[in-house]
>>> print(open('start-v5.txt').read())   # compact mmCIF, C-alpha atoms
# COMPACT_ATOMS: atom_id res chain seq x y z
CA MET A 1 -14.12 126.17 11.75
CA ASP A 2 -16.88 126.54 14.30
CA LEU A 3 -19.29 123.70 15.05
CA TYR A 4 -22.50 124.57 16.84
CA TYR A 5 -23.71 121.35 18.39
CA THR A 6 -24.95 119.47 21.42
CA ILE A 7 -23.48 116.13 22.42
CA VAL A 8 -26.88 114.50 22.94
CA SER A 9 -27.72 115.08 19.28
CA PRO A 10 -26.91 111.96 17.21
CA PRO A 11 -26.23 114.03 14.05
CA SER A 12 -23.84 116.22 16.04
CA ARG A 13 -21.97 113.11 17.15
CA SER A 14 -21.66 111.94 13.54
CA VAL A 15 -19.84 115.17 12.67
CA LEU A 16 -17.62 114.93 15.73
CA LEU A 17 -16.67 111.35 14.86
CA LEU A 18 -15.81 112.10 11.24
CA ALA A 19 -13.82 115.20 12.19
CA LYS A 20 -11.82 113.12 14.66
CA HIS A 21 -11.31 110.39 12.06
CA LEU A 22 -10.01 112.88 9.49
CA GLY A 23 -7.92 114.81 12.02
CA VAL A 24 -9.92 118.02 11.57
CA ASP A 25 -9.82 120.44 14.49
CA LEU A 26 -13.13 122.18 15.14
CA ILE A 27 -13.95 125.03 17.50
CA LEU A 28 -16.81 123.50 19.46
CA LYS A 29 -19.68 125.75 20.47
CA ASN A 30 -22.09 123.80 22.64
CA LEU A 31 -25.68 125.05 22.58
CA ASN A 32 -28.06 124.43 25.47
CA LEU A 33 -31.30 123.70 23.63
CA ALA A 34 -33.32 123.55 26.85
CA ALA A 35 -32.26 127.13 27.54
CA GLY A 36 -33.15 128.18 24.01
CA GLU A 37 -29.61 129.06 22.98
CA HIS A 38 -30.39 127.89 19.45
CA LEU A 39 -33.18 130.47 19.23
CA THR A 40 -31.08 133.56 19.84
CA ASP A 41 -30.89 136.30 17.22
CA HIS A 42 -27.20 135.56 16.81
CA PHE A 43 -27.70 131.89 15.98
CA ARG A 44 -30.73 132.58 13.80
CA SER A 45 -28.56 134.97 11.79
CA ILE A 46 -26.23 132.02 11.14
CA ASN A 47 -28.91 129.41 10.59
CA PRO A 48 -32.48 130.65 10.02
CA GLN A 49 -33.76 127.12 10.67
CA HIS A 50 -31.86 127.18 14.02
CA LEU A 51 -30.78 123.54 13.63
CA ILE A 52 -27.81 121.76 15.09
CA PRO A 53 -25.27 120.73 14.10
CA THR A 54 -24.23 123.77 12.10
CA LEU A 55 -20.71 124.20 10.74
CA VAL A 56 -19.32 127.64 9.92
CA THR A 57 -16.31 127.60 7.61
CA GLU A 58 -13.31 129.91 7.88
CA GLU A 59 -14.95 132.07 5.20
CA GLY A 60 -18.09 132.40 7.32
CA VAL A 61 -20.22 130.05 5.22
CA PRO A 62 -22.75 128.17 7.37
CA ILE A 63 -23.55 124.55 6.52
CA TRP A 64 -26.24 122.63 8.32
CA GLU A 65 -27.83 119.18 8.10
CA ALA A 66 -25.29 116.75 9.49
CA ASN A 67 -25.02 114.61 6.39
CA ALA A 68 -24.26 117.68 4.27
CA ILE A 69 -21.52 118.56 6.76
CA LEU A 70 -20.15 115.02 6.54
CA VAL A 71 -19.89 115.29 2.76
CA TYR A 72 -18.26 118.72 2.99
CA LEU A 73 -15.63 117.49 5.45
CA ALA A 74 -14.95 114.38 3.40
CA GLU A 75 -14.64 116.26 0.11
CA ARG A 76 -12.32 118.81 1.68
CA PHE A 77 -10.14 116.67 3.94
CA ASP A 78 -10.36 113.05 2.78
CA HIS A 79 -7.68 113.46 0.15
CA ASP A 80 -7.06 109.73 -0.26
CA GLY A 81 -10.71 108.75 -0.61
CA GLN A 82 -10.65 106.65 2.54
CA VAL A 83 -14.25 107.34 3.54
CA TYR A 84 -15.63 109.10 0.44
CA PRO A 85 -14.75 107.14 -2.71
CA SER A 86 -13.76 108.91 -5.90
CA ASP A 87 -15.49 106.25 -8.01
CA LEU A 88 -18.81 107.84 -8.97
CA ALA A 89 -20.87 104.66 -8.73
CA LYS A 90 -19.53 103.91 -5.24
CA ARG A 91 -20.03 107.53 -4.26
CA GLY A 92 -23.61 107.30 -5.50
CA VAL A 93 -24.21 104.36 -3.17
CA VAL A 94 -22.78 106.38 -0.27
CA GLN A 95 -25.10 109.27 -1.14
CA GLN A 96 -28.10 106.93 -1.25
CA ARG A 97 -27.25 105.57 2.20
CA LEU A 98 -26.95 109.12 3.56
CA CYS A 99 -30.40 109.91 2.15
CA PHE A 100 -31.75 106.66 3.63
CA ASP A 101 -30.38 107.64 7.03
CA LEU A 102 -31.83 111.15 6.95
CA GLY A 103 -35.20 110.41 5.38
CA THR A 104 -35.96 106.95 6.76
CA LEU A 105 -33.72 105.41 9.42
CA TYR A 106 -32.99 108.37 11.70
CA LYS A 107 -36.41 109.86 11.01
CA ASN A 108 -38.18 106.72 12.25
CA ILE A 109 -35.83 106.08 15.17
CA ARG A 110 -36.26 109.67 16.32
CA ALA A 111 -40.06 109.48 15.95
CA TYR A 112 -40.24 106.46 18.24
CA TYR A 113 -37.35 106.86 20.66
CA GLY A 114 -37.26 110.66 20.84
CA PRO A 115 -40.37 110.91 23.03
CA ILE A 116 -39.13 108.04 25.20
CA ALA A 117 -35.71 109.61 25.70
CA THR A 118 -37.22 112.95 26.64
CA GLY A 119 -39.92 111.58 28.94
CA ARG A 120 -42.83 112.47 26.66
CA GLY A 121 -44.34 109.01 26.52
CA THR A 122 -44.15 105.97 24.26
CA PRO A 123 -45.45 106.19 20.67
CA GLY A 124 -47.70 103.48 19.27
CA GLU A 125 -46.67 100.15 17.80
CA ASP A 126 -47.24 101.49 14.28
CA VAL A 127 -44.32 103.88 14.82
CA ARG A 128 -42.17 101.10 16.27
CA ARG A 129 -42.88 98.93 13.24
CA LEU A 130 -41.43 101.66 11.03
CA VAL A 131 -38.21 101.44 13.07
CA ASP A 132 -38.11 97.67 12.57
CA GLU A 133 -38.75 98.06 8.84
CA SER A 134 -35.94 100.61 8.56
CA LEU A 135 -33.55 98.34 10.43
CA GLY A 136 -34.58 95.51 8.14
CA VAL A 137 -33.42 97.57 5.17
CA LEU A 138 -30.15 98.33 6.98
CA GLU A 139 -29.74 94.63 7.67
CA GLY A 140 -29.98 94.04 3.94
CA PHE A 141 -27.23 96.58 3.28
CA LEU A 142 -24.99 94.93 5.87
CA THR A 143 -25.66 91.46 4.53
CA ALA A 144 -24.53 92.58 1.09
CA GLY A 145 -21.36 94.26 2.36
CA LYS A 146 -19.20 94.56 5.45
CA PHE A 147 -20.20 98.20 5.96
CA VAL A 148 -23.26 100.34 5.26
CA ALA A 149 -22.23 101.27 1.70
CA GLY A 150 -20.02 98.37 0.69
CA ASP A 151 -16.92 96.64 1.99
CA THR A 152 -15.09 99.69 3.34
CA LEU A 153 -15.85 102.32 5.98
CA THR A 154 -17.47 105.43 4.47
CA VAL A 155 -19.18 108.60 5.65
CA ALA A 156 -22.43 106.61 5.52
CA ASP A 157 -21.27 104.58 8.51
CA PHE A 158 -20.61 107.78 10.46
CA ALA A 159 -24.18 108.90 9.81
CA VAL A 160 -25.89 105.59 10.51
CA ILE A 161 -23.93 104.54 13.61
CA THR A 162 -25.24 107.41 15.73
CA SER A 163 -28.81 106.83 14.57
CA VAL A 164 -28.58 103.17 15.55
CA THR A 165 -26.86 103.96 18.85
CA VAL A 166 -29.96 105.82 20.03
CA ALA A 167 -32.12 102.73 19.65
CA SER A 168 -29.37 100.49 21.05
CA THR A 169 -29.04 102.62 24.19
CA LEU A 170 -32.79 102.38 24.74
CA LYS A 171 -32.65 98.57 24.45
CA HIS A 172 -33.99 97.99 20.95
CA ASP A 173 -33.62 94.38 19.83
CA PHE A 174 -30.68 94.13 17.43
CA SER A 175 -30.43 90.35 17.40
CA ASN A 176 -31.04 90.25 13.64
CA LEU A 177 -28.51 92.95 12.80
CA PRO A 178 -25.16 91.68 11.49
CA VAL A 179 -21.94 92.07 13.49
CA TRP A 180 -21.31 95.57 12.08
CA LEU A 181 -22.67 97.22 15.23
CA CYS A 182 -20.27 95.27 17.44
CA GLU A 183 -17.21 95.35 15.21
CA ILE A 184 -17.23 98.88 13.78
CA THR A 185 -14.36 100.97 15.11
CA MET A 186 -14.13 104.75 14.94
CA LYS A 187 -11.70 107.05 16.72
CA GLY A 188 -13.30 108.43 19.86
CA TYR A 189 -16.54 106.46 19.44
CA GLY A 190 -16.67 105.12 23.00
CA GLU A 191 -15.65 108.44 24.54
CA ILE A 192 -18.19 110.46 22.56
CA CYS A 193 -20.97 107.96 23.29
CA GLN A 194 -20.18 108.08 27.00
CA GLN A 195 -20.26 111.88 27.00
CA ALA A 196 -23.64 111.78 25.27
CA PHE A 197 -25.03 109.21 27.71
CA THR A 198 -23.82 111.20 30.72
CA ALA A 199 -25.37 114.41 29.34
CA TRP A 200 -28.64 112.64 28.56
CA LYS A 201 -28.85 111.14 32.06
CA ALA A 202 -28.25 114.59 33.54
CA GLN A 203 -31.15 115.94 31.47
CA VAL A 204 -33.38 113.12 32.66
CA GLU A 205 -32.53 113.85 36.29
CA ALA A 206 -33.08 117.57 35.76
CA ARG A 207 -36.60 116.90 34.46
CA LYS A 208 -37.36 114.85 37.58
CA ALA A 209 -36.22 117.64 39.91
>>> encode(input="start-v5.txt", output="structure tokens")
Amino acid sequence: MDLYYTIVSPPSRSVLLLAKHLGVDLILKNLNLAAGEHLTDHFRSINPQHLIPTLVTEEGVPIWEANAILVYLAERFDHDGQVYPSDLAKRGVVQQRLCFDLGTLYKNIRAYYGPIATGRGTPGEDVRRLVDESLGVLEGFLTAGKFVAGDTLTVADFAVITSVTVASTLKHDFSNLPVWLCEITMKGYGEICQQAFTAWKAQVEARKA
């Protein structure tokens, strides 16, 4: 399967982490967004919204939105239900957390820290408060269970960890967040984060040149 991605994209990193966890080999196709490689006719023919990450299955079916890709990979390759429970109620909680990440947590973190990370200024305190409110909800989840969607690692953790890492890298205060952020372990997490940080720093330096 082909994965169109860029390492500096948190949703792309979520897919990379889950694929590594499940032992799924992907053909990685890095897109340079600054050069407009996601706007080519070829990529638009695959994904008319020209979003990354985008997964293309062996049958040529494109799937985009990272959390949809996470569910697809889990349903196809997580045969033992390690990260995507077969129990429908538990699965429903996982789905809710994925929706929370996409529609609230990552949305608000990106709205505040995206402009900072790309040198476009600092949004107002009203936007920052939305980040704090979102993290407060996450704190509640993690107080109720060891992980984002209960007491075991699920695909929800793979989605949320990369959202939170953005704010953590840019020095957001996580003093009220439970130990989940420090204790969570995923195959390749440190390596992938370092690759993303190195690529982001290179982009920052390129903008200064």
>>> atom_distance(input="start-v5.txt", atom1="CA of Val93 (chain A)", atom2="CA of Thr57 (chain A)")
26.8 Å
>>> residues_around(input="start-v5.txt", residues="region 21-31 of chain A", least_positions_apart="2", cutoff="7 Å", atoms="all atoms listed in the file", output="PyMOL selection string")
chain A and resi 1-6+17-19+33+37-38+77-78+186-187
>>> closest_residue(input="start-v5.txt", among="A:Trp180, A:Tyr106, A:Phe43, A:Phe100", to="Ser163 (chain A)", atoms="all atoms listed in the file")
A:Tyr106
>>> closest_residue(input="start-v5.txt", among="A:Cys193, A:Ala167, A:Ile184, A:Leu70", to="Lys146 (chain A)", atoms="all atoms listed in the file")
A:Ile184
>>> atom_distance(input="start-v5.txt", atom1="CA of Gln194 (chain A)", atom2="CA of Val164 (chain A)")
15.0 Å
>>> closest_residue(input="start-v5.txt", among="A:Asn47, A:Asn108, A:Gln195, A:Asn67", to="Leu130 (chain A)", atoms="only C-alpha atoms")
A:Asn108
